[in-house]
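Enquirer: Mind having a look at this structure? Questions to follow.
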Amino acid sequence: MKRIILITGGQRSGKSSYVQQLALSLSDHPVYLATSRIWDEEHRKRIERHQQDRGNEWENIEEEKFLFRHALAGKTIVIDCVTLWATNFFFDNDSDVEQSLAELKKEFIQLVAQPATFIFVTNEIGLGGTSSHEIQRKFTDLSGWFNQFIARQADEVICMFSGLPMKIK
């Protein structure tokens, strides 16, 4: 049986720790599907800190774009994170929002065709003001539209505020 959970919120809102606890409550051996590219040394350190937060019970998979390639049937999978996953398509497609959104939707549909529990982690980057930079506005649009797409497919949506989960759906 398929189950889709979307965890959203701002940066440092408590998403990671909440998601890890949730996944471990659903499975003794969850999968952590990391979508991030390493952009710089500071980002590498963030990734290493997240890796250290997880214990040996986790199966770790690193995949920047093509998540559906992994056989995950029957497992509980944390996809962390949607925002970085979208970033990979956005940059590879020269900031083309329509192409990136179409490819992301296709990948999402192929991924969740597997009977598994999927826990998607994303950022609400559109809560702030409108950026003066065109590329940032385009990415905010892409991220918001893709988050909406996932939320419509999701069985549950949780928004994190200051470390506290708020059930939306």
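In the structure tokens, each chain is lettered A, B, ... as it comes, each chain's residues begin at 1, and ligands are numbered from 1 in order of appearance.
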May I have a table of the residues of segment 118-153 of chain A lying at most 10 Å from segment 28-41 of chain A, giving each one's closest pair of atoms and their distance in Å to one decimal, counting only C-alpha atoms, ordered by chain and ascending residue number, as CSV?
Expert:
```
residue,atom,partner,partner_atom,distance
A:Phe118,CA,A:Val31,CA,9.6
A:Ile119,CA,A:Tyr32,CA,9.6
A:Phe120,CA,A:Leu33,CA,9.6
```
Enquirer: Which residues are near Glu107 of chain A? Cut-off 9 Å, only C-alpha atoms, ignore same chain within fewer than 3 positions. Put them as a list in words.
Expert: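 What passes the distance filter is Lys65, Phe66, Leu67, Phe68, Ala102, Glu103, Leu104, Gln110, Leu111 and Val112 of chain A.
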Enquirer: Find the residue from A:Gln21, A:Arg12, A:Phe139, A:Val157 that sits nearest to Asn93 of chain A; use only C-alpha atoms when measuring.
Expert: A:Phe139
Enquirer: At a cut-off of 7 Å, using only C-alpha atoms, what residues contact Ser13 of chain A? Leave out same-chain residues fewer than 2 positions from it and give the result as a PDB file with N, CA, C and O atoms, in the first residue's frame.
Expert:
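selection.pdb written:
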```pdb
ATOM      1  N   GLY A   9       8.001  23.409   5.884  1.00  0.00           N
ATOM      2  CA  GLY A   9       8.305  24.441   6.868  1.00  0.00           C
ATOM      3  C   GLY A   9       9.515  25.235   6.429  1.00  0.00           C
ATOM      4  O   GLY A   9      10.121  24.963   5.393  1.00  0.00           O
ATOM      5  N   GLY A  10       9.866  26.218   7.215  1.00  0.00           N
ATOM      6  CA  GLY A  10      11.026  27.050   6.914  1.00  0.00           C
ATOM      7  C   GLY A  10      12.321  26.369   7.323  1.00  0.00           C
ATOM      8  O   GLY A  10      12.319  25.292   7.933  1.00  0.00           O
ATOM      9  N   GLN A  11      13.433  27.008   6.988  1.00  0.00           N
ATOM     10  CA  GLN A  11      14.726  26.496   7.402  1.00  0.00           C
ATOM     11  C   GLN A  11      14.807  26.530   8.920  1.00  0.00           C
ATOM     12  O   GLN A  11      14.325  27.459   9.561  1.00  0.00           O
ATOM     13  N   LYS A  15      12.205  20.293  10.887  1.00  0.00           N
ATOM     14  CA  LYS A  15      11.750  19.254   9.961  1.00  0.00           C
ATOM     15  C   LYS A  15      12.583  17.977  10.072  1.00  0.00           C
ATOM     16  O   LYS A  15      12.033  16.885  10.163  1.00  0.00           O
ATOM     17  N   MET A 160       5.915  22.441   9.903  1.00  0.00           N
ATOM     18  CA  MET A 160       6.685  22.637  11.123  1.00  0.00           C
ATOM     19  C   MET A 160       6.862  24.134  11.386  1.00  0.00           C
ATOM     20  O   MET A 160       7.214  24.897  10.485  1.00  0.00           O
ATOM     21  N   PHE A 161       6.597  24.523  12.630  1.00  0.00           N
ATOM     22  CA  PHE A 161       6.814  25.896  13.089  1.00  0.00           C
ATOM     23  C   PHE A 161       7.571  25.828  14.409  1.00  0.00           C
ATOM     24  O   PHE A 161       7.077  25.235  15.374  1.00  0.00           O
ATOM     25  N   SER A 162       8.769  26.381  14.441  1.00  0.00           N
ATOM     26  CA  SER A 162       9.568  26.446  15.690  1.00  0.00           C
ATOM     27  C   SER A 162       9.654  25.103  16.394  1.00  0.00           C
ATOM     28  O   SER A 162       9.558  25.000  17.613  1.00  0.00           O
ATOM     29  N   GLY A 163       9.839  24.052  15.606  1.00  0.00           N
ATOM     30  CA  GLY A 163       9.994  22.708  16.168  1.00  0.00           C
ATOM     31  C   GLY A 163       8.703  21.995  16.492  1.00  0.00           C
ATOM     32  O   GLY A 163       8.724  20.876  16.985  1.00  0.00           O
TER      33      GLY A 163
END
```
Enquirer: May I have all residues of segment 7-98 of chain A that DSSP, computed from the backbone, assigns to strand (DSSP E), given as a list in words?
Expert: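 DSSP-assigned strand (DSSP E) residues in segment 7-98 of chain A: Ile7, Thr8, Gly9, Val31, Tyr32, Leu33, Ala34, Glu59, Asn60, Ile61, Glu62, Thr76, Ile77, Val78, Ile79 and Asp80 of chain A.
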Enquirer: Name the closest residue to Cys81 of chain A among the candidates A:Val121, A:Cys159, A:Ala151, A:Ile168; distances are taken between atoms, counting only C-alpha atoms.
Expert: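 Counting only C-alpha atoms, the residue closest to Cys81 of chain A is A:Val121.
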Enquirer: What is the atom CA of Ala86 of chain A-atom CA of Trp58 of chain A distance in Å, reported with one decimal?
Expert: 23.8 Å
Enquirer: Excluding Gln153 of chain A and any residue of its chain fewer than 3 positions from it, enumerate the residues within 12 Å of it, using only C-alpha atoms, and give them as a compact mmCIF listing (two decimals) with all heavy atoms, in the first residue's frame.
Expert:
```txt
# COMPACT_ATOMS: atom_id res chain seq x y z
N LYS A 2 0.47 2.24 -0.76
CA LYS A 2 1.23 3.48 -0.87
C LYS A 2 0.71 4.51 0.12
O LYS A 2 -0.50 4.65 0.32
CB LYS A 2 1.12 4.02 -2.29
CG LYS A 2 1.81 5.34 -2.49
CD LYS A 2 1.78 5.79 -3.93
CE LYS A 2 0.38 6.10 -4.36
NZ LYS A 2 0.27 6.63 -5.70
N ARG A 3 1.63 5.24 0.73
CA ARG A 3 1.30 6.33 1.63
C ARG A 3 2.28 7.47 1.36
O ARG A 3 3.49 7.23 1.28
CB ARG A 3 1.41 5.86 3.07
CG ARG A 3 1.06 6.92 4.11
CD ARG A 3 1.14 6.31 5.50
NE ARG A 3 0.88 7.28 6.53
CZ ARG A 3 1.16 7.09 7.80
NH1 ARG A 3 1.71 5.95 8.21
NH2 ARG A 3 0.89 8.02 8.69
N ILE A 4 1.76 8.68 1.21
CA ILE A 4 2.60 9.85 0.95
C ILE A 4 2.37 10.87 2.06
O ILE A 4 1.24 11.27 2.32
CB ILE A 4 2.27 10.48 -0.42
CG1 ILE A 4 2.50 9.47 -1.54
CG2 ILE A 4 3.09 11.75 -0.64
CD1 ILE A 4 2.01 9.93 -2.90
N ILE A 5 3.48 11.27 2.69
CA ILE A 5 3.45 12.27 3.74
C ILE A 5 4.37 13.41 3.30
O ILE A 5 5.50 13.16 2.88
CB ILE A 5 3.93 11.68 5.09
CG1 ILE A 5 3.09 10.46 5.47
CG2 ILE A 5 3.91 12.75 6.18
CD1 ILE A 5 3.67 9.65 6.62
N LEU A 6 3.89 14.64 3.42
CA LEU A 6 4.69 15.82 3.08
C LEU A 6 4.94 16.61 4.37
O LEU A 6 3.99 16.97 5.06
CB LEU A 6 3.99 16.70 2.05
CG LEU A 6 4.71 18.00 1.67
CD1 LEU A 6 6.05 17.72 1.00
CD2 LEU A 6 3.81 18.84 0.75
N LYS A 105 7.53 16.44 -11.88
CA LYS A 105 6.25 15.73 -11.74
C LYS A 105 6.34 14.31 -12.28
O LYS A 105 5.84 13.36 -11.67
CB LYS A 105 5.14 16.50 -12.46
CG LYS A 105 4.69 17.75 -11.75
CD LYS A 105 3.61 18.46 -12.55
CE LYS A 105 3.08 19.68 -11.85
NZ LYS A 105 2.02 20.34 -12.65
N PHE A 108 8.35 12.23 -9.82
CA PHE A 108 7.54 11.99 -8.63
C PHE A 108 6.54 10.86 -8.89
O PHE A 108 6.43 9.93 -8.08
CB PHE A 108 6.81 13.28 -8.22
CG PHE A 108 5.86 13.10 -7.09
CD1 PHE A 108 6.30 13.21 -5.77
CD2 PHE A 108 4.51 12.82 -7.31
CE1 PHE A 108 5.41 13.04 -4.71
CE2 PHE A 108 3.63 12.65 -6.26
CZ PHE A 108 4.08 12.76 -4.96
N ILE A 109 5.81 10.95 -9.99
CA ILE A 109 4.80 9.94 -10.32
C ILE A 109 5.43 8.56 -10.46
O ILE A 109 4.89 7.57 -9.96
CB ILE A 109 4.02 10.35 -11.59
CG1 ILE A 109 3.13 11.56 -11.26
CG2 ILE A 109 3.20 9.19 -12.13
CD1 ILE A 109 2.57 12.26 -12.48
N VAL A 112 6.51 7.33 -6.77
CA VAL A 112 5.44 6.92 -5.85
C VAL A 112 4.53 5.84 -6.44
O VAL A 112 3.56 5.44 -5.78
CB VAL A 112 4.61 8.13 -5.35
CG1 VAL A 112 5.49 9.12 -4.61
CG2 VAL A 112 3.82 8.78 -6.47
N ALA A 113 4.84 5.34 -7.61
CA ALA A 113 4.11 4.20 -8.16
C ALA A 113 4.42 2.93 -7.37
O ALA A 113 3.67 1.97 -7.42
CB ALA A 113 4.44 4.01 -9.64
N PHE A 118 6.22 7.06 1.67
CA PHE A 118 7.11 8.13 1.25
C PHE A 118 6.92 9.34 2.15
O PHE A 118 5.80 9.83 2.30
CB PHE A 118 6.82 8.53 -0.20
CG PHE A 118 7.03 7.42 -1.18
CD1 PHE A 118 5.97 6.60 -1.56
CD2 PHE A 118 8.28 7.18 -1.72
CE1 PHE A 118 6.15 5.56 -2.46
CE2 PHE A 118 8.47 6.14 -2.62
CZ PHE A 118 7.41 5.34 -3.00
N PHE A 120 8.18 13.02 2.24
CA PHE A 120 8.87 14.08 1.52
C PHE A 120 9.10 15.27 2.44
O PHE A 120 8.18 15.71 3.14
CB PHE A 120 8.05 14.54 0.30
CG PHE A 120 7.99 13.53 -0.80
CD1 PHE A 120 6.99 12.57 -0.83
CD2 PHE A 120 8.93 13.54 -1.82
CE1 PHE A 120 6.92 11.63 -1.84
CE2 PHE A 120 8.88 12.60 -2.83
CZ PHE A 120 7.87 11.64 -2.85
N PHE A 146 5.63 22.96 -7.27
CA PHE A 146 5.91 21.54 -7.04
C PHE A 146 5.43 21.12 -5.65
O PHE A 146 4.86 20.03 -5.49
CB PHE A 146 7.39 21.23 -7.25
CG PHE A 146 7.70 19.76 -7.31
CD1 PHE A 146 6.89 18.87 -8.01
CD2 PHE A 146 8.82 19.25 -6.67
CE1 PHE A 146 7.18 17.51 -8.07
CE2 PHE A 146 9.12 17.90 -6.72
CZ PHE A 146 8.31 17.03 -7.41
N ASN A 147 5.63 21.97 -4.65
CA ASN A 147 5.10 21.65 -3.31
C ASN A 147 3.59 21.46 -3.35
O ASN A 147 3.04 20.55 -2.72
CB ASN A 147 5.45 22.76 -2.31
CG ASN A 147 6.90 22.72 -1.87
OD1 ASN A 147 7.62 21.76 -2.11
ND2 ASN A 147 7.33 23.79 -1.22
N GLN A 148 2.90 22.33 -4.09
CA GLN A 148 1.44 22.21 -4.21
C GLN A 148 1.06 20.88 -4.87
O GLN A 148 0.10 20.22 -4.45
CB GLN A 148 0.87 23.36 -5.02
CG GLN A 148 0.90 24.70 -4.32
CD GLN A 148 0.35 25.80 -5.20
OE1 GLN A 148 -0.70 25.66 -5.80
NE2 GLN A 148 1.09 26.91 -5.28
N PHE A 149 1.80 20.50 -5.90
CA PHE A 149 1.55 19.25 -6.60
C PHE A 149 1.68 18.06 -5.64
O PHE A 149 0.81 17.19 -5.58
CB PHE A 149 2.52 19.10 -7.78
CG PHE A 149 2.41 17.79 -8.50
CD1 PHE A 149 1.40 17.56 -9.41
CD2 PHE A 149 3.33 16.78 -8.26
CE1 PHE A 149 1.29 16.35 -10.07
CE2 PHE A 149 3.25 15.56 -8.91
CZ PHE A 149 2.22 15.33 -9.82
N ILE A 150 2.77 18.05 -4.87
CA ILE A 150 2.98 16.95 -3.92
C ILE A 150 1.89 16.96 -2.85
O ILE A 150 1.35 15.92 -2.49
CB ILE A 150 4.38 17.02 -3.29
CG1 ILE A 150 5.45 16.81 -4.36
CG2 ILE A 150 4.53 15.98 -2.18
CD1 ILE A 150 6.87 17.05 -3.87
N GLU A 156 -1.07 12.93 3.94
CA GLU A 156 -0.90 13.79 5.11
C GLU A 156 0.06 14.92 4.76
O GLU A 156 1.04 14.69 4.03
CB GLU A 156 -0.30 13.02 6.29
CG GLU A 156 -1.12 11.87 6.80
CD GLU A 156 -0.38 11.07 7.85
OE1 GLU A 156 0.11 11.70 8.82
OE2 GLU A 156 -0.27 9.86 7.68
N VAL A 157 -0.19 16.11 5.32
CA VAL A 157 0.72 17.24 5.18
C VAL A 157 0.90 17.84 6.58
O VAL A 157 -0.08 18.15 7.25
CB VAL A 157 0.19 18.31 4.21
CG1 VAL A 157 1.15 19.50 4.14
CG2 VAL A 157 -0.04 17.73 2.82
N LYS A 169 -3.19 18.53 6.60
CA LYS A 169 -4.06 17.61 5.84
C LYS A 169 -3.90 16.22 6.43
O LYS A 169 -2.82 15.80 6.79
CB LYS A 169 -3.66 17.61 4.37
CG LYS A 169 -4.43 16.67 3.48
CD LYS A 169 -3.90 16.78 2.05
CE LYS A 169 -4.60 15.81 1.13
NZ LYS A 169 -4.02 15.84 -0.21
```
Enquirer: Closest to Glu63 of chain A among A:Ser27, A:Val78, A:Val97, A:Trp85, using only C-alpha atoms?
Expert: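 With only C-alpha atoms as the atom set, the closest residue is A:Trp85.
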Enquirer: So which residues of chain A fall under alpha helix (DSSP H) by DSSP, listed as a PyMOL selection string?
Expert: chain A and resi 15-26+41-53+82-92+97-111+134-153
Enquirer: With distances taken over only C-alpha atoms, which residue among A:Ala116, A:Leu164, A:Ala154, A:Ile47 lies nearest Lys75 of chain A?
Expert: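 Once distances to Lys75 of chain A are computed over only C-alpha atoms, the minimum belongs to A:Ala116.
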Enquirer: Given only C-alpha atoms as the basis, pick out the residue of A:Trp145, A:Ser95, A:Arg49, A:Ile79 nearest to Glu64 of chain A.
Expert: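 Nearest to Glu64 of chain A: A:Ile79.
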Enquirer: Rounded to one decimal place, report the atom CA of Leu26 of chain A-atom CA of Gly144 of chain A distance in Å.
Expert: 27.9 Å
Enquirer: Give me the residues near Asp96 of chain A as a VMD selection string, where near means some atom within 10 Å (using only C-alpha atoms) and where sequence neighbours in that chain fewer than 5 positions away do not count.
Expert: chain A and resid 89 to 91 101 135 138 to 139 142
Enquirer: Tell me which of A:Leu127, A:Leu84, A:Ile61, A:Ile77 sits closest to Leu22 of chain A, counting only C-alpha atoms.
Expert: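 The closest residue to Leu22 of chain A is A:Ile77.
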